[in-house]
Structure formats: C-alpha cells, structure tokens
Amino acid sequence: MIRRLWKVAFAEWKLMYTDPAAVLLLVVAGVLYAFYYPTPYIHQTVTKVPVAIVDMDNTAMSRDLIRMASASQQIEVKAVYSEMMQAEEAMSRDEIYGFMAIPENMEKDIRSHRQVTVNIFTHGAYVMFHGAIGTAFSTCALTLGATNKVKQIALSKKVPSAKAIAMRDPFPLSIQTLYNSTGGYANYVVPSVLVVILQQSLIIGICVLGGSRAHRRFRKKMRNSPVENETLPYRYFGRSLAYFVHYCSFILFYHCIVYNLLFDFPRRGELLPMVVFSVVFLASTINLGMVVSQVFLRRESSMQLFLYLSIPILFLANFSWPSYLIPSWMVAVSYILPSTFAVPAWLSIEQMGGDIYDVAPRLYLLAVQAVVYLALGLLLTRARDKVKLDIGDM
C-alpha cells in the first residue's frame, strides 16, 4: 500500500519538474517571493521623510523646535519657510510630504502661560508618511512644551528638576510593543503574505497539473501508464502526498532560512504547533486544489481565476483589516479559504509563540475544511473518471 502511494507521488514529482508552468508555480514562485517580497521593506520603518517647517515666530524657542525636528530619525527637514503658501506649494510639487507651522508669538504666549496651537499638515495620500511625520512633529512639540513647563515649575516652586518632572507628569506612560518590538512594516506584512503565497501557488499548481491531464497529448501518451490507471484512492492520496511533502519543505525553508537567517523576522514557534499547523493547513489547501482542478479542464482557466482573486484573498486573510469591520457576507465568503484561518494561526505560532491550545480553534476549522474538501475532491474525481472528455484540439 505505502509503496503504491509513493510510486504515484514520485510520478507526480516527475510530472511537476518536467512541466515548465508547474516548475514556475510550485518551485520558483515559493523561493522567488521569499526573497523578492521582503526586500523592499528591509529597512522596516519609514525614516528621513522630507518635510518643511513654517516659522512665523522666529524666536529662540522656535529655533529650538526646528533643531529638535532636524534631529529626528523619522523626518528630514528640507526647508524652513516664513509663509504657509511656500510650504503648500512645495507639498503640491511632492518636494515635501508634510510641514509644521509654528505660530506667531509662540514664545511670548508660552512665557505668558497661554495655550499655543502648533499645526501639523501631512500628505494624507501616503499613510506611512502621514504616521511618521505626525509622530515626529508631535514628539518634538510635546517635548518642547514639557521642557518649558518643567522649568516654570522648578522656578516657581523652587524644587529640583526631578521633582518638577514628577509634578508635571505624575503618571508617565510606558508603551511596550509586543511581538513586533521594532514596529517594522516587514514584520507586520511579510509573514502573512508568505502564507497566502503558499496557498495560491499550491492551488494554481495543482490545477495546472490537473489541466495537463485533460490535454489530448498527455492522455494519448499516459493512458496506458500504471500510475495513471491506479485505483482512485491511490491516485488521489499519492498525488496529495507529493504536494504535501513538497510544501513541507517550503514551510521548513521559511521557518529556518527566511525567518532566521535572511530577514530576522520574529520566530518564536515551537515544533509541535508548527507540525500540526503544517499538516492541517496543507491538507486543507491540497484538497481545495484537488477540488478546483476537477472543475477546470484547461490549465489556463484556473491560473487566470486565482491570479485575479489574489488581492481579494489577501484582504480577506484577517491581517490587513479587522474582520469585525468587514461586511458579514464577505466574512462568510472568506470561510471557504484556508488562508482565513491559516494566517492568524501562523502569526500566533511564529510571532507570538502560541502553543497548540492557543491556535486550536483555527486549526479545528482548517481540519473541517480539509475533511469537507477531501470528500468533495474524491466525489468529483470519481465523476471525472466516468466522463469521457470532449476536448477537441486541447
């Protein structure tokens, strides 16, 4: 029994490595994207965003604020203007992506204990720039205000600066970022996308090889092959075994090489949760691929469909946008896809160090998908075996 399964698996590997389209999808895509996709985000966080400052006060305090902004790692002060119009024109030309307006009489008002409003303008079309500019300018303005407030308290109360700081801020905040300590964009987006890449390349690859079997030349050449004429269970599970072993190597490659050696992503996953995740995720995805491969006779059809669906599938993977803010009908549609449950489970294991009990609810759902798609795949494969294909010149 085992020998017959492995015989079918080896035949599937041979077909996989002799079909250029299958090699591109099932081998090259998984390796190429592992290097290509994280590379643009290698710096992790946005730095040196070009900005400007409009100084309408032109005092020692405003110049201190400008120096503080110039020292920030997140932004780079390209120019200091005296009028708002100059900064607005520079932003319209994309020379800068934001600016801070220091109001007239800022120092005078602060010395007089009056409230001062410092306006920050950012280019809203660039979300990452918007956050970096707002954070940098806000930090500088708040630091300047806090420094002056501490000096006023120390002088008026005649207390040491340390006590003045405590009086000014009796409840200091300490924000700790868990699971992504650097706040890096690559740590946030790349691990999730890698799971979607595994799913998409595997499903399309299975469909491409399934479409090959409907081709006239393939059927003429292989119709007497013992492997192609094996009984249904051996053919189905033997091919599934080939894809399972092949993609286990990809998960191992991502876990040990991509995460650890190449890009230093957070890697806290333990062996048992990773093994269980790999089994149920690949079982669900392979069986879904086997189901879809029975629907499309032409290999190009599945490729066109799933390439067009890649972006919607990515948005439905529950990492780019909270699922509770997605319309309920879209959430219902997402339950068809293994990535809906695989992405959160992968992140829980790899980045949060979750154990088997933490991800059990999502693994159960993946297992249910695997069983449903297995039953459907066997039924459709049996139905396909009984139908004489009219494929013309395919």
# chains A, B, ... in the order shown; residues from 1 in each chain; ligands from 1
>>> residues_around(residues="Ala141 in chain A", least_positions_apart="4", cutoff="10 Å", atoms="only C-alpha atoms", output="tab-separated table (two decimals) with C-alpha atoms, in the first residue's frame")
chain	number	residue	atom	x	y	z
A	62	SER	CA	11.07	78.31	17.61
A	65	LEU	CA	11.90	73.36	17.98
A	66	ILE	CA	13.41	73.36	14.50
A	68	MET	CA	14.73	69.12	17.63
A	69	ALA	CA	12.81	68.28	14.44
A	100	MET	CA	4.75	72.05	10.80
A	102	ILE	CA	4.98	77.45	14.24
A	117	THR	CA	-1.51	75.56	18.96
A	118	VAL	CA	1.14	74.16	16.63
A	119	ASN	CA	-0.43	72.88	13.42
A	136	ALA	CA	7.95	63.08	14.81
A	137	PHE	CA	6.50	66.60	14.87
A	145	GLY	CA	6.25	72.18	25.86
A	146	ALA	CA	7.13	69.74	28.64
A	147	THR	CA	10.65	71.18	28.99
>>> residues_around(residues="Ser302 in chain A", least_positions_apart="6", cutoff="8 Å", atoms="only C-alpha atoms", output="CSV table (one decimal) with C-alpha atoms, in the first residue's frame")
chain,number,residue,atom,x,y,z
A,204,ILE,CA,-2.8,27.0,-9.0
A,207,CYS,CA,-4.9,22.9,-11.2
A,208,VAL,CA,-2.2,23.4,-13.8
A,292,VAL,CA,-10.8,23.0,-8.2
A,293,SER,CA,-8.6,21.0,-10.5
A,296,PHE,CA,-11.3,23.3,-14.9
>>> residues_around(residues="Tyr234 in chain A", least_positions_apart="6", cutoff="10 Å", atoms="only C-alpha atoms", output="ChimeraX atom specification")
/A:1-2,4-9,227-228,240
>>> write_last_selection(atoms="N, CA and C atoms", output="CSV table (one decimal), in the first residue's frame")
chain,number,residue,atom,x,y,z
A,1,MET,N,0.8,-1.2,0.0
A,1,MET,CA,0.0,0.0,0.0
A,1,MET,C,0.9,1.3,0.0
A,2,ILE,N,1.8,1.3,1.0
A,2,ILE,CA,2.7,2.5,1.0
A,2,ILE,C,3.5,2.6,-0.2
A,4,ARG,N,2.8,1.7,-3.2
A,4,ARG,CA,1.9,2.2,-4.3
A,4,ARG,C,1.7,3.7,-4.2
A,5,LEU,N,1.5,4.2,-3.0
A,5,LEU,CA,1.3,5.6,-2.8
A,5,LEU,C,2.6,6.4,-3.2
A,6,TRP,N,3.7,5.9,-2.7
A,6,TRP,CA,5.0,6.6,-3.1
A,6,TRP,C,5.2,6.5,-4.6
A,7,LYS,N,4.8,5.4,-5.2
A,7,LYS,CA,5.0,5.3,-6.7
A,7,LYS,C,4.2,6.4,-7.4
A,8,VAL,N,3.0,6.7,-7.0
A,8,VAL,CA,2.2,7.7,-7.5
A,8,VAL,C,2.8,9.1,-7.2
A,9,ALA,N,3.3,9.2,-6.0
A,9,ALA,CA,3.9,10.5,-5.6
A,9,ALA,C,5.1,10.8,-6.4
A,227,VAL,N,0.5,4.2,-13.3
A,227,VAL,CA,0.2,5.2,-12.3
A,227,VAL,C,-1.1,5.9,-12.6
A,228,GLU,N,-1.3,6.3,-13.9
A,228,GLU,CA,-2.5,7.0,-14.3
A,228,GLU,C,-3.7,6.1,-14.3
A,240,SER,N,-1.6,13.8,-3.6
A,240,SER,CA,-1.7,14.7,-2.4
A,240,SER,C,-0.4,14.5,-1.6
>>> residues_around(residues="Met290 in chain A", least_positions_apart="2", cutoff="12 Å", atoms="only C-alpha atoms", output="count of residues only")
42
>>> residues_around(residues="Ser201 in chain A", least_positions_apart="3", cutoff="9 Å", atoms="only C-alpha atoms", output="count of residues only")
11
>>> closest_residue(among="A:Gly354, A:Gly98, A:Pro160, A:Gly124", to="Met274 in chain A", atoms="only C-alpha atoms")
A:Gly354
>>> residues_around(residues="Gln86 in chain A", least_positions_apart="3", cutoff="12 Å", atoms="only C-alpha atoms", output="list in words")
Ala52, Ile53, Val54, Asp55, Ala79, Val80, Tyr81, Ser82, Glu83, Glu89, Ala90, Met91, Ser92, Arg93, Glu95, Ile96, Phe99 and Ala101 of chain A
>>> write_last_selection(atoms="C-alpha atoms", output="mmCIF file, in the first residue's frame")
data_model
loop_
_atom_site.group_PDB
_atom_site.id
_atom_site.type_symbol
_atom_site.label_atom_id
_atom_site.label_comp_id
_atom_site.auth_asym_id
_atom_site.auth_seq_id
_atom_site.Cartn_x
_atom_site.Cartn_y
_atom_site.Cartn_z
ATOM 1 C CA ALA A 52 9.453 71.535 5.998
ATOM 2 C CA ILE A 53 8.778 73.935 8.844
ATOM 3 C CA VAL A 54 6.982 77.257 8.615
ATOM 4 C CA ASP A 55 8.484 79.523 11.285
ATOM 5 C CA ALA A 79 13.455 73.800 4.229
ATOM 6 C CA VAL A 80 12.318 76.416 6.720
ATOM 7 C CA TYR A 81 9.789 78.860 5.321
ATOM 8 C CA SER A 82 8.330 82.069 6.670
ATOM 9 C CA GLU A 83 4.926 81.733 4.970
ATOM 10 C CA GLU A 89 3.429 74.892 -2.942
ATOM 11 C CA ALA A 90 6.347 72.602 -2.030
ATOM 12 C CA MET A 91 3.901 69.883 -0.952
ATOM 13 C CA SER A 92 1.926 70.247 -4.185
ATOM 14 C CA ARG A 93 5.168 69.575 -6.089
ATOM 15 C CA GLU A 95 9.099 68.073 -2.682
ATOM 16 C CA ILE A 96 7.887 67.510 0.884
ATOM 17 C CA PHE A 99 5.147 70.526 7.361
ATOM 18 C CA ALA A 101 3.511 75.611 11.240
#
>>> residues_around(residues="Phe129 in chain A", least_positions_apart="2", cutoff="12 Å", atoms="only C-alpha atoms", output="list in words")
Thr45, Val46, Thr47, Lys48, Val49, Pro50, Val51, Gln74, Ile75, Glu76, Ile96, Tyr97, Gly98, Phe99, Phe121, Thr122, His123, Gly124, Ala125, Tyr126, Val127, Gly131, Ala132, Ile133, Gly134, Thr135 and Ala136 of chain A
>>> write_last_selection(atoms="N, CA and C atoms", output="PDB file, in the first residue's frame")
ATOM      1  N   THR A  45      11.084  50.400   9.023  1.00  0.00           N
ATOM      2  CA  THR A  45      10.302  51.585   9.384  1.00  0.00           C
ATOM      3  C   THR A  45      10.625  52.742   8.437  1.00  0.00           C
ATOM      4  N   VAL A  46       9.685  53.672   8.331  1.00  0.00           N
ATOM      5  CA  VAL A  46       9.863  54.841   7.472  1.00  0.00           C
ATOM      6  C   VAL A  46      10.796  55.832   8.167  1.00  0.00           C
ATOM      7  N   THR A  47      11.827  56.268   7.465  1.00  0.00           N
ATOM      8  CA  THR A  47      12.782  57.241   8.008  1.00  0.00           C
ATOM      9  C   THR A  47      13.074  58.317   6.966  1.00  0.00           C
ATOM     10  N   LYS A  48      13.574  59.448   7.472  1.00  0.00           N
ATOM     11  CA  LYS A  48      14.052  60.544   6.621  1.00  0.00           C
ATOM     12  C   LYS A  48      12.995  61.002   5.603  1.00  0.00           C
ATOM     13  N   VAL A  49      11.764  61.144   6.058  1.00  0.00           N
ATOM     14  CA  VAL A  49      10.711  61.660   5.186  1.00  0.00           C
ATOM     15  C   VAL A  49      10.938  63.163   4.983  1.00  0.00           C
ATOM     16  N   PRO A  50      11.001  63.646   3.751  1.00  0.00           N
ATOM     17  CA  PRO A  50      11.248  65.078   3.521  1.00  0.00           C
ATOM     18  C   PRO A  50      10.067  65.939   3.994  1.00  0.00           C
ATOM     19  N   VAL A  51      10.375  66.899   4.855  1.00  0.00           N
ATOM     20  CA  VAL A  51       9.360  67.788   5.412  1.00  0.00           C
ATOM     21  C   VAL A  51       9.905  69.214   5.435  1.00  0.00           C
ATOM     22  N   GLN A  74      12.968  60.098  11.979  1.00  0.00           N
ATOM     23  CA  GLN A  74      11.832  59.799  11.120  1.00  0.00           C
ATOM     24  C   GLN A  74      11.662  60.795   9.981  1.00  0.00           C
ATOM     25  N   ILE A  75      12.123  62.016  10.179  1.00  0.00           N
ATOM     26  CA  ILE A  75      11.909  63.059   9.173  1.00  0.00           C
ATOM     27  C   ILE A  75      13.233  63.745   8.847  1.00  0.00           C
ATOM     28  N   GLU A  76      13.232  64.438   7.720  1.00  0.00           N
ATOM     29  CA  GLU A  76      14.382  65.242   7.307  1.00  0.00           C
ATOM     30  C   GLU A  76      13.862  66.618   6.884  1.00  0.00           C
ATOM     31  N   ILE A  96       8.017  67.893  -0.515  1.00  0.00           N
ATOM     32  CA  ILE A  96       7.887  67.510   0.884  1.00  0.00           C
ATOM     33  C   ILE A  96       6.560  66.782   1.043  1.00  0.00           C
ATOM     34  N   TYR A  97       6.428  66.047   2.160  1.00  0.00           N
ATOM     35  CA  TYR A  97       5.198  65.295   2.412  1.00  0.00           C
ATOM     36  C   TYR A  97       4.505  65.743   3.692  1.00  0.00           C
ATOM     37  N   GLY A  98       4.948  66.866   4.224  1.00  0.00           N
ATOM     38  CA  GLY A  98       4.305  67.420   5.401  1.00  0.00           C
ATOM     39  C   GLY A  98       5.102  68.604   5.914  1.00  0.00           C
ATOM     40  N   PHE A  99       4.445  69.402   6.747  1.00  0.00           N
ATOM     41  CA  PHE A  99       5.147  70.526   7.361  1.00  0.00           C
ATOM     42  C   PHE A  99       4.470  70.910   8.664  1.00  0.00           C
ATOM     43  N   PHE A 121       0.681  69.547   9.204  1.00  0.00           N
ATOM     44  CA  PHE A 121      -0.002  69.205   7.965  1.00  0.00           C
ATOM     45  C   PHE A 121       0.754  68.053   7.301  1.00  0.00           C
ATOM     46  N   THR A 122       0.034  66.998   6.930  1.00  0.00           N
ATOM     47  CA  THR A 122       0.675  65.838   6.300  1.00  0.00           C
ATOM     48  C   THR A 122      -0.037  65.488   5.000  1.00  0.00           C
ATOM     49  N   HIS A 123       0.671  64.782   4.148  1.00  0.00           N
ATOM     50  CA  HIS A 123       0.140  64.329   2.858  1.00  0.00           C
ATOM     51  C   HIS A 123      -0.669  63.060   3.114  1.00  0.00           C
ATOM     52  N   GLY A 124      -1.994  63.181   3.164  1.00  0.00           N
ATOM     53  CA  GLY A 124      -2.845  62.058   3.536  1.00  0.00           C
ATOM     54  C   GLY A 124      -2.860  60.914   2.549  1.00  0.00           C
ATOM     55  N   ALA A 125      -2.380  61.134   1.318  1.00  0.00           N
ATOM     56  CA  ALA A 125      -2.371  60.061   0.326  1.00  0.00           C
ATOM     57  C   ALA A 125      -1.308  59.014   0.640  1.00  0.00           C
ATOM     58  N   TYR A 126      -0.356  59.333   1.485  1.00  0.00           N
ATOM     59  CA  TYR A 126       0.715  58.405   1.868  1.00  0.00           C
ATOM     60  C   TYR A 126       0.559  58.094   3.352  1.00  0.00           C
ATOM     61  N   VAL A 127      -0.075  56.961   3.642  1.00  0.00           N
ATOM     62  CA  VAL A 127      -0.422  56.646   5.022  1.00  0.00           C
ATOM     63  C   VAL A 127       0.815  56.467   5.886  1.00  0.00           C
ATOM     64  N   GLY A 131       1.852  58.900   9.237  1.00  0.00           N
ATOM     65  CA  GLY A 131       2.121  58.479  10.608  1.00  0.00           C
ATOM     66  C   GLY A 131       3.483  58.908  11.108  1.00  0.00           C
ATOM     67  N   ALA A 132       4.508  58.758  10.256  1.00  0.00           N
ATOM     68  CA  ALA A 132       5.869  59.115  10.668  1.00  0.00           C
ATOM     69  C   ALA A 132       5.998  60.614  10.917  1.00  0.00           C
ATOM     70  N   ILE A 133       5.432  61.422  10.017  1.00  0.00           N
ATOM     71  CA  ILE A 133       5.532  62.882  10.172  1.00  0.00           C
ATOM     72  C   ILE A 133       4.771  63.340  11.408  1.00  0.00           C
ATOM     73  N   GLY A 134       3.555  62.843  11.562  1.00  0.00           N
ATOM     74  CA  GLY A 134       2.762  63.240  12.723  1.00  0.00           C
ATOM     75  C   GLY A 134       3.423  62.872  14.036  1.00  0.00           C
ATOM     76  N   THR A 135       3.992  61.663  14.103  1.00  0.00           N
ATOM     77  CA  THR A 135       4.657  61.224  15.327  1.00  0.00           C
ATOM     78  C   THR A 135       5.889  62.075  15.629  1.00  0.00           C
ATOM     79  N   ALA A 136       6.718  62.324  14.605  1.00  0.00           N
ATOM     80  CA  ALA A 136       7.952  63.081  14.811  1.00  0.00           C
ATOM     81  C   ALA A 136       7.668  64.517  15.251  1.00  0.00           C
TER      82      ALA A 136
END
>>> closest_residue(among="A:Ser278, A:Asn260, A:Asn105, A:Thr231", to="Trp346 in chain A", atoms="only C-alpha atoms")
A:Ser278
>>> atom_distance(atom1="CA of Tyr335 in chain A", atom2="CA of Val371 in chain A")
14.2 Å
>>> atom_distance(atom1="CA of Gln115 in chain A", atom2="CA of Met84 in chain A")
21.1 Å
>>> select_by_dssp(residues="range 180-333 of chain A", states="alpha helix (DSSP H)", output="PyMOL selection string")
chain A and resi 185-213+216-222+232-253+271-293+299-315+328-333
>>> closest_residue(among="A:Val190, A:Val23, A:Val195, A:Cys256", to="Tyr41 in chain A", atoms="only C-alpha atoms")
A:Val190
>>> decode(residues="range 79-119 of chain A", atoms="N, CA and C atoms", output="tab-separated table (two decimals), in the first residue's frame")
chain	number	residue	atom	x	y	z
A	79	ALA	N	13.51	72.34	4.36
A	79	ALA	CA	13.45	73.80	4.23
A	79	ALA	C	12.70	74.39	5.40
A	80	VAL	N	13.03	75.64	5.71
A	80	VAL	CA	12.32	76.42	6.72
A	80	VAL	C	11.76	77.65	6.02
A	81	TYR	N	10.45	77.76	6.01
A	81	TYR	CA	9.79	78.86	5.32
A	81	TYR	C	9.24	79.86	6.34
A	82	SER	N	8.93	81.03	5.82
A	82	SER	CA	8.33	82.07	6.67
A	82	SER	C	6.84	82.23	6.41
A	83	GLU	N	6.34	81.60	5.32
A	83	GLU	CA	4.93	81.73	4.97
A	83	GLU	C	4.34	80.36	4.65
A	84	MET	N	3.06	80.19	4.96
A	84	MET	CA	2.37	78.94	4.71
A	84	MET	C	2.31	78.61	3.22
A	85	MET	N	2.12	79.62	2.41
A	85	MET	CA	1.97	79.42	0.98
A	85	MET	C	3.17	78.71	0.39
A	86	GLN	N	4.36	79.01	0.88
A	86	GLN	CA	5.57	78.38	0.36
A	86	GLN	C	5.58	76.88	0.64
A	87	ALA	N	5.18	76.52	1.85
A	87	ALA	CA	5.14	75.10	2.21
A	87	ALA	C	4.06	74.36	1.42
A	88	GLU	N	2.91	74.97	1.22
A	88	GLU	CA	1.83	74.34	0.47
A	88	GLU	C	2.24	74.10	-0.98
A	89	GLU	N	2.96	75.07	-1.57
A	89	GLU	CA	3.43	74.89	-2.94
A	89	GLU	C	4.46	73.76	-3.03
A	90	ALA	N	5.35	73.68	-2.04
A	90	ALA	CA	6.35	72.60	-2.03
A	90	ALA	C	5.68	71.24	-1.90
A	91	MET	N	4.62	71.15	-1.09
A	91	MET	CA	3.90	69.88	-0.95
A	91	MET	C	3.17	69.53	-2.25
A	92	SER	N	2.63	70.51	-2.93
A	92	SER	CA	1.93	70.25	-4.18
A	92	SER	C	2.87	69.73	-5.25
A	93	ARG	N	4.16	70.07	-5.14
A	93	ARG	CA	5.17	69.58	-6.09
A	93	ARG	C	5.82	68.28	-5.62
A	94	ASP	N	5.33	67.72	-4.51
A	94	ASP	CA	5.87	66.49	-3.92
A	94	ASP	C	7.33	66.65	-3.51
A	95	GLU	N	7.76	67.86	-3.21
A	95	GLU	CA	9.10	68.07	-2.68
A	95	GLU	C	9.14	67.71	-1.20
A	96	ILE	N	8.02	67.89	-0.51
A	96	ILE	CA	7.89	67.51	0.88
A	96	ILE	C	6.56	66.78	1.04
A	97	TYR	N	6.43	66.05	2.16
A	97	TYR	CA	5.20	65.29	2.41
A	97	TYR	C	4.50	65.74	3.69
A	98	GLY	N	4.95	66.87	4.22
A	98	GLY	CA	4.31	67.42	5.40
A	98	GLY	C	5.10	68.60	5.91
A	99	PHE	N	4.44	69.40	6.75
A	99	PHE	CA	5.15	70.53	7.36
A	99	PHE	C	4.47	70.91	8.66
A	100	MET	N	5.24	71.57	9.51
A	100	MET	CA	4.75	72.05	10.80
A	100	MET	C	4.75	73.57	10.77
A	101	ALA	N	3.64	74.15	11.22
A	101	ALA	CA	3.51	75.61	11.24
A	101	ALA	C	3.66	76.12	12.67
A	102	ILE	N	4.75	76.84	12.92
A	102	ILE	CA	4.98	77.45	14.24
A	102	ILE	C	4.28	78.81	14.24
A	103	PRO	N	3.30	79.01	15.10
A	103	PRO	CA	2.50	80.25	15.03
A	103	PRO	C	3.29	81.47	15.50
A	104	GLU	N	2.84	82.62	15.08
A	104	GLU	CA	3.44	83.88	15.51
A	104	GLU	C	3.19	84.08	17.01
A	105	ASN	N	4.19	84.64	17.69
A	105	ASN	CA	4.11	84.92	19.14
A	105	ASN	C	4.05	83.64	19.97
A	106	MET	N	4.60	82.54	19.46
A	106	MET	CA	4.58	81.29	20.22
A	106	MET	C	5.34	81.43	21.54
A	107	GLU	N	6.57	81.93	21.47
A	107	GLU	CA	7.37	82.06	22.69
A	107	GLU	C	6.73	83.03	23.67
A	108	LYS	N	6.23	84.12	23.15
A	108	LYS	CA	5.60	85.12	24.02
A	108	LYS	C	4.39	84.52	24.74
A	109	ASP	N	3.58	83.77	24.04
A	109	ASP	CA	2.39	83.18	24.65
A	109	ASP	C	2.77	82.11	25.68
A	110	ILE	N	3.80	81.31	25.37
A	110	ILE	CA	4.22	80.29	26.33
A	110	ILE	C	4.75	80.94	27.60
A	111	ARG	N	5.53	82.00	27.44
A	111	ARG	CA	6.05	82.71	28.62
A	111	ARG	C	4.92	83.32	29.44
A	112	SER	N	3.82	83.66	28.76
A	112	SER	CA	2.68	84.26	29.45
A	112	SER	C	1.68	83.22	29.93
A	113	HIS	N	2.06	81.94	29.85
A	113	HIS	CA	1.22	80.83	30.31
A	113	HIS	C	-0.08	80.72	29.53
A	114	ARG	N	-0.03	81.08	28.26
A	114	ARG	CA	-1.19	80.93	27.40
A	114	ARG	C	-0.99	79.71	26.49
A	115	GLN	N	-2.12	79.09	26.15
A	115	GLN	CA	-2.05	77.90	25.30
A	115	GLN	C	-1.65	78.26	23.88
A	116	VAL	N	-0.80	77.41	23.29
A	116	VAL	CA	-0.32	77.63	21.92
A	116	VAL	C	-0.68	76.40	21.08
A	117	THR	N	-1.18	76.64	19.89
A	117	THR	CA	-1.51	75.56	18.96
A	117	THR	C	-0.49	75.51	17.83
A	118	VAL	N	0.19	74.39	17.71
A	118	VAL	CA	1.14	74.16	16.63
A	118	VAL	C	0.48	73.21	15.64
A	119	ASN	N	0.26	73.67	14.43
A	119	ASN	CA	-0.43	72.88	13.42
A	119	ASN	C	0.55	72.01	12.62
